[in-house]
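Structure record follows, encoded as structure tokens.
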Amino acid sequence: MIKKKRLGDILVEVGFITEEELQKALEKQKGGNKRLGAVLKEMKLVTEQDVMEALEYQLGIPHVNLKQHIIDPDVINMVPQALAERHKAIPIKRRGDNLTVAMADPLDVMAIDDIRLKTGCEVMPVIASESDVDYAIEQYFGSEDVVNEFVQDINAKVGSDDSSDIEVDRLRQMVEEAPVVRLVNNIINEGIKLRASDIHIEPQEEEIRVRYRVDGILHNEMTIPKHTHSALVSRIKIMADLDIAERRLPQDGRVQMVVKDREVDLRVSVLPTVEGEKVVIRILDKSNLMLSIDKLGFLPEHQSSFEKMIKQPHGMVLITGPTGSGKTTTLYSALSSLDTEDQNIITVEDPVEYRLEGINQVQTNPKAGLTFASGLRSILRQDPDIVMVGEIRDKETANIAIHAALTGHLVLSTLHTNEAAGALSRLIDMGIEPFLVASSVLGVVAQRLVRTVCAECKTHNEDALVDTNLEKYLGSGRDSIELYHGDGCRFCNNTGYHGRTAIHEILEVTPKIKRLVVNKASAVDIEEAAKEEGMIALETCGLKKANQGLTTIEEVMRVTKVQVG
């Protein structure tokens, strides 16, 4: 049994706070329902780590990392979610009548008594940070109850047959009721919690499949009975201000939400398929947007090259890569690093993904005649210093952008090509004269996103085969090559990866490259010349990051298709 000591007294004993600070915290705690630890953290007197160290040292209670802990669902279900949330406590292991419970405050006698009465077990407390407990509660108490409630509600109202023929007026009424509202909110909240970029709601022959794209990879998370499809999709349409009666044509909409004090922008796309309407929700979470060149994952030599290019008074800088490779984030980061007070910066985008302070952003509207080309032409009459074009898609846009770069403007844009050298050939293929391309383009950045090794379960990869091909790419001997991987844990959903970083190749248009472009050299010849001048290829950049322990060889091979073995 735990010694009857108060948390405040222990923190004073170990010297983390003074008696006077404790009394101030206790005074502040009066009349509220916050724990003393939370009040002390709010007052910036202690951290979560301080509290855990004090309790562990003074009482000998072990500390657990819940992000690395896999808990048996039968053990979790011994305590209701409401009780776990109220006491910031979650059961993690059972041995006979002894139940190990991870607690943010293992001195909370009332919490221990409540759990003992509920489970009939003797409670053995261990320490976990409050954020870890919250994380585990979110991970383990999933959406099953919400789905079941929604299905029961639909069954009660329309039966379990196909609900695609429910009258529109009845649908409008149903989608405002609690079960469907809760289910849609749960699907969106789960996506935000998982750091998903997209949510796919896909009707199959007998069920609805919900998948989340996390770190570029789609994962199955939930299945819902097929007969609930109309109510589920109609709720999303209502949120996005779309027509719930139109089920034969694609529709696009937008939703702005605040989720746990975070501003989230949702782009909704509805597409009719043979099994019903498929919905994809793109999540634009502003809190995850890192608009800093320092955070783009550039190698030091790449960063200096990129910064030199975007600080030129005129010319064109192109970012290339497939859809979802982070091109827009790189462009936004470049714009954010430039001084907006003494420069007029204007963008034309489709769509405007994030609002940037101090920058004039224009969204295309093809139905009204506002295309990239017409928008860019109008922008050039607005006395800009720097222009960003979301994407160069056609000859007209390319022509205007090239001439803007040649007449004293810095132009930033994107192209869909696989490698940096291919961007120069692509412009020529669009019908731009080679000498104009050579004269206007300052450089091209090709990039991909690779998943990063999970920091919580990262281990040295002793079994990795280091061959001569890998040594060639890295320019080092076997002894200096170290590779890592993630074993898989709760924090990374047992994938071994958590988060992404970019890999790049940067082609600077030097006098030699200009001559090749003017002479209509192939992309392969331009790439070889750039490598001779010191360009670090995309795959080499990726392998350098694998050697730094940031990613894995397999991940680099997946996104670059390079063969290392």
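Ligands are numbered from 1 in the order shown, residues from 1 within each chain, and chains are lettered A, B, ... in the order they appear in the structure tokens.
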Requested in this report: Mind listing the helix (DSSP H, G or I) residues of region 92-333 of chain A, per DSSP on the backbone, as a PyMOL selection string?
Outcome: chain A and resi 109-119+130-140+144-158+168-174+178-193+226-239+286-288+293-295+300-310+327-333
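The list of residues with at least one atom within 6 Å of region 280-289 of chain A, based on only C-alpha atoms and without residues fewer than 5 positions apart in the same chain, reads A:Ser197, A:Asp198, A:Ile199, A:His200, A:Val264, A:Asp265, A:Leu266, A:Arg267, A:Val268, A:Ser269.
Taking the backbone of this structure through DSSP, the residues of region 70-205 of chain A that come out as strand (DSSP E) are A:Ala89, A:Ile90, A:Pro91, A:Ile92, A:Lys93, A:Arg94, A:Arg95, A:Asn98, A:Leu99, A:Thr100, A:Val101, A:Ala102, A:Met103, A:Glu122, A:Val123, A:Met124, A:Pro125, A:Val126, A:Ile127, A:Ala196, A:Ser197, A:Asp198, A:Ile199, A:His200, A:Ile201, A:Glu202, A:Pro203.
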Selection to disk with C-alpha atoms, as a PDB file, in the first residue's frame:
```
ATOM      1  CA  ALA A  89      -5.939   6.221 -15.037  1.00  0.00           C
ATOM      2  CA  ILE A  90      -5.896   3.211 -17.347  1.00  0.00           C
ATOM      3  CA  PRO A  91      -5.450  -0.510 -16.501  1.00  0.00           C
ATOM      4  CA  ILE A  92      -2.491  -2.090 -18.295  1.00  0.00           C
ATOM      5  CA  LYS A  93      -1.990  -5.595 -16.816  1.00  0.00           C
ATOM      6  CA  ARG A  94      -3.806  -8.174 -14.707  1.00  0.00           C
ATOM      7  CA  ARG A  95      -2.260 -10.990 -12.659  1.00  0.00           C
ATOM      8  CA  ASN A  98      -3.945  -7.763  -8.904  1.00  0.00           C
ATOM      9  CA  LEU A  99      -4.609  -5.035 -11.509  1.00  0.00           C
ATOM     10  CA  THR A 100      -1.738  -2.771 -12.582  1.00  0.00           C
ATOM     11  CA  VAL A 101      -3.087   0.703 -13.349  1.00  0.00           C
ATOM     12  CA  ALA A 102      -1.083   3.515 -14.985  1.00  0.00           C
ATOM     13  CA  MET A 103      -2.029   6.759 -13.235  1.00  0.00           C
ATOM     14  CA  GLU A 122      -6.416  -4.944  -5.800  1.00  0.00           C
ATOM     15  CA  VAL A 123      -5.015  -1.886  -7.598  1.00  0.00           C
ATOM     16  CA  MET A 124      -1.249  -1.700  -8.135  1.00  0.00           C
ATOM     17  CA  PRO A 125      -0.498   1.867  -9.309  1.00  0.00           C
ATOM     18  CA  VAL A 126       2.353   2.795 -11.654  1.00  0.00           C
ATOM     19  CA  ILE A 127       3.214   6.309 -12.878  1.00  0.00           C
ATOM     20  CA  ALA A 196      -4.089  11.652 -41.569  1.00  0.00           C
ATOM     21  CA  SER A 197      -3.869  13.799 -44.690  1.00  0.00           C
ATOM     22  CA  ASP A 198      -6.992  12.190 -46.213  1.00  0.00           C
ATOM     23  CA  ILE A 199     -10.020  10.180 -45.091  1.00  0.00           C
ATOM     24  CA  HIS A 200     -11.530   7.768 -47.645  1.00  0.00           C
ATOM     25  CA  ILE A 201     -15.161   6.662 -47.116  1.00  0.00           C
ATOM     26  CA  GLU A 202     -15.683   3.939 -49.706  1.00  0.00           C
ATOM     27  CA  PRO A 203     -18.897   1.978 -50.370  1.00  0.00           C
TER      28      PRO A 203
END
```
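One finds CA of Glu508 (chain A) at 11.7 Å from CA of Ser304 (chain A).
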Report task. Excluding Asn360 (chain A) and residues on its chain fewer than 6 positions from it, collect all residues at most 7 Å away from it, counting only C-alpha atoms, and give them as a ChimeraX atom specification. Result -> /A:345-347
Rows by chain and residue number, region 343-393 of chain A within 12 Å of region 324-338 of chain A, shortest pair, only C-alpha atoms, as a tab-separated table:
```
residue	atom	partner	partner_atom	distance
A:Gln343	CA	A:Leu338	CA	8.5
A:Asn344	CA	A:Leu338	CA	10.5
A:Ile345	CA	A:Leu335	CA	8.0
A:Ile346	CA	A:Leu335	CA	9.8
A:Thr347	CA	A:Leu335	CA	9.7
A:Glu349	CA	A:Thr328	CA	9.7
A:Asp350	CA	A:Thr328	CA	10.8
A:Pro351	CA	A:Thr328	CA	10.7
A:Val352	CA	A:Thr328	CA	10.0
A:Glu353	CA	A:Thr328	CA	8.5
A:Tyr354	CA	A:Tyr332	CA	8.6
A:Arg355	CA	A:Tyr332	CA	9.7
A:Leu356	CA	A:Ser336	CA	7.7
A:Glu357	CA	A:Ser336	CA	8.6
A:Gly358	CA	A:Ser336	CA	9.1
A:Ile359	CA	A:Leu335	CA	8.3
A:Asn360	CA	A:Leu335	CA	11.1
A:Gln361	CA	A:Tyr332	CA	11.3
A:Asp385	CA	A:Leu338	CA	11.0
A:Ile386	CA	A:Leu335	CA	8.6
A:Val387	CA	A:Leu335	CA	9.4
A:Met388	CA	A:Leu331	CA	7.8
A:Val389	CA	A:Leu331	CA	9.5
A:Gly390	CA	A:Thr328	CA	7.5
A:Glu391	CA	A:Thr328	CA	9.4
```
Okay, now the selection with N, CA, C and O atoms, as a compact mmCIF listing (two decimals), in the first residue's frame?
```
# COMPACT_ATOMS: atom_id res chain seq x y z
N GLN A 343 8.13 44.14 -49.97
CA GLN A 343 7.92 43.48 -51.26
C GLN A 343 6.45 43.14 -51.45
O GLN A 343 5.75 42.81 -50.49
N ASN A 344 5.98 43.25 -52.68
CA ASN A 344 4.60 42.89 -53.00
C ASN A 344 4.60 41.45 -53.51
O ASN A 344 5.09 41.16 -54.60
N ILE A 345 4.06 40.55 -52.68
CA ILE A 345 4.03 39.12 -53.02
C ILE A 345 2.59 38.72 -53.33
O ILE A 345 1.69 38.94 -52.52
N ILE A 346 2.36 38.14 -54.52
CA ILE A 346 1.01 37.73 -54.92
C ILE A 346 1.06 36.28 -55.40
O ILE A 346 2.00 35.88 -56.09
N THR A 347 0.07 35.50 -55.03
CA THR A 347 -0.01 34.11 -55.47
C THR A 347 -1.30 33.89 -56.26
O THR A 347 -2.30 34.58 -56.05
N GLU A 349 -3.53 30.36 -56.93
CA GLU A 349 -3.51 28.96 -56.49
C GLU A 349 -4.83 28.26 -56.80
O GLU A 349 -5.87 28.90 -56.97
N ASP A 350 -4.79 26.94 -56.82
CA ASP A 350 -5.99 26.13 -57.05
C ASP A 350 -5.91 24.86 -56.21
O ASP A 350 -5.36 23.84 -56.65
N PRO A 351 -6.47 24.85 -54.98
CA PRO A 351 -7.08 26.00 -54.30
C PRO A 351 -6.05 26.68 -53.40
O PRO A 351 -4.91 26.22 -53.30
N VAL A 352 -6.47 27.75 -52.70
CA VAL A 352 -5.63 28.35 -51.66
C VAL A 352 -5.72 27.43 -50.45
O VAL A 352 -6.77 27.35 -49.80
N GLU A 353 -4.63 26.72 -50.16
CA GLU A 353 -4.68 25.71 -49.09
C GLU A 353 -4.56 26.33 -47.71
O GLU A 353 -5.22 25.91 -46.76
N TYR A 354 -3.66 27.30 -47.56
CA TYR A 354 -3.48 27.96 -46.27
C TYR A 354 -3.37 29.47 -46.49
O TYR A 354 -2.82 29.91 -47.50
N ARG A 355 -3.90 30.23 -45.56
CA ARG A 355 -3.83 31.69 -45.65
C ARG A 355 -2.50 32.15 -45.04
O ARG A 355 -2.16 31.78 -43.92
N LEU A 356 -1.76 32.96 -45.80
CA LEU A 356 -0.47 33.46 -45.35
C LEU A 356 -0.57 34.95 -45.08
O LEU A 356 -0.98 35.73 -45.94
N GLU A 357 -0.19 35.34 -43.87
CA GLU A 357 -0.29 36.75 -43.48
C GLU A 357 0.67 37.62 -44.30
O GLU A 357 1.82 37.25 -44.52
N GLY A 358 0.16 38.75 -44.77
CA GLY A 358 1.00 39.70 -45.50
C GLY A 358 1.19 39.36 -46.97
O GLY A 358 1.91 40.05 -47.69
N ILE A 359 0.54 38.27 -47.43
CA ILE A 359 0.69 37.85 -48.83
C ILE A 359 -0.68 37.87 -49.50
O ILE A 359 -1.68 37.43 -48.92
N ASN A 360 -0.75 38.41 -50.71
CA ASN A 360 -2.00 38.51 -51.45
C ASN A 360 -2.24 37.22 -52.22
O ASN A 360 -1.48 36.90 -53.14
N GLN A 361 -3.28 36.49 -51.83
CA GLN A 361 -3.53 35.18 -52.42
C GLN A 361 -4.80 35.20 -53.27
O GLN A 361 -5.85 35.70 -52.83
N ASP A 385 6.54 42.05 -56.84
CA ASP A 385 7.97 41.74 -56.81
C ASP A 385 8.17 40.23 -56.94
O ASP A 385 9.08 39.77 -57.62
N ILE A 386 7.31 39.48 -56.23
CA ILE A 386 7.41 38.02 -56.22
C ILE A 386 6.04 37.44 -56.56
O ILE A 386 5.01 37.88 -56.03
N VAL A 387 6.03 36.47 -57.46
CA VAL A 387 4.78 35.83 -57.89
C VAL A 387 4.89 34.32 -57.66
O VAL A 387 5.91 33.71 -58.00
N MET A 388 3.85 33.74 -57.06
CA MET A 388 3.80 32.28 -56.94
C MET A 388 2.64 31.77 -57.77
O MET A 388 1.51 32.23 -57.60
N VAL A 389 2.92 30.84 -58.68
CA VAL A 389 1.88 30.20 -59.49
C VAL A 389 1.76 28.76 -58.99
O VAL A 389 2.74 28.02 -59.01
N GLY A 390 0.56 28.40 -58.51
CA GLY A 390 0.38 27.08 -57.90
C GLY A 390 0.91 25.94 -58.74
O GLY A 390 1.55 25.03 -58.24
N GLU A 391 0.66 26.01 -60.06
CA GLU A 391 1.15 24.94 -60.95
C GLU A 391 1.17 25.44 -62.39
O GLU A 391 0.25 26.15 -62.82
```
Requested in this report: Excluding Val437 (chain A) and any residue of its chain fewer than 6 positions from it, enumerate the residues within 12 Å of it, using only C-alpha atoms, and give them as JSON, numbers by chain.
Outcome: {"A": [315, 316, 317, 318, 398, 399, 401, 402, 403, 405, 406, 423, 424, 425, 426, 427, 428, 429, 430, 431, 443, 444, 509, 513, 514, 515, 516, 517, 518, 519, 520]}
Query raised in the report: Using only C-alpha atoms, which residue out of A:Ile400, A:Met239, A:Val75, A:Ile137 lies closest to Cys121 (chain A)?
Result: A:Val75
Report summary line: Residue with the minimum atom-to-atom distance to Ile154 (chain A), picked from A:Leu55, A:Val411, A:Ala128, A:Leu183 with only C-alpha atoms counted, is A:Leu183
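When only C-alpha atoms are used to measure the gap to Gly488 (chain A), the shortest distance among A:Ala521, A:Ala546, A:Ile10, A:Cys454 belongs to A:Cys454.
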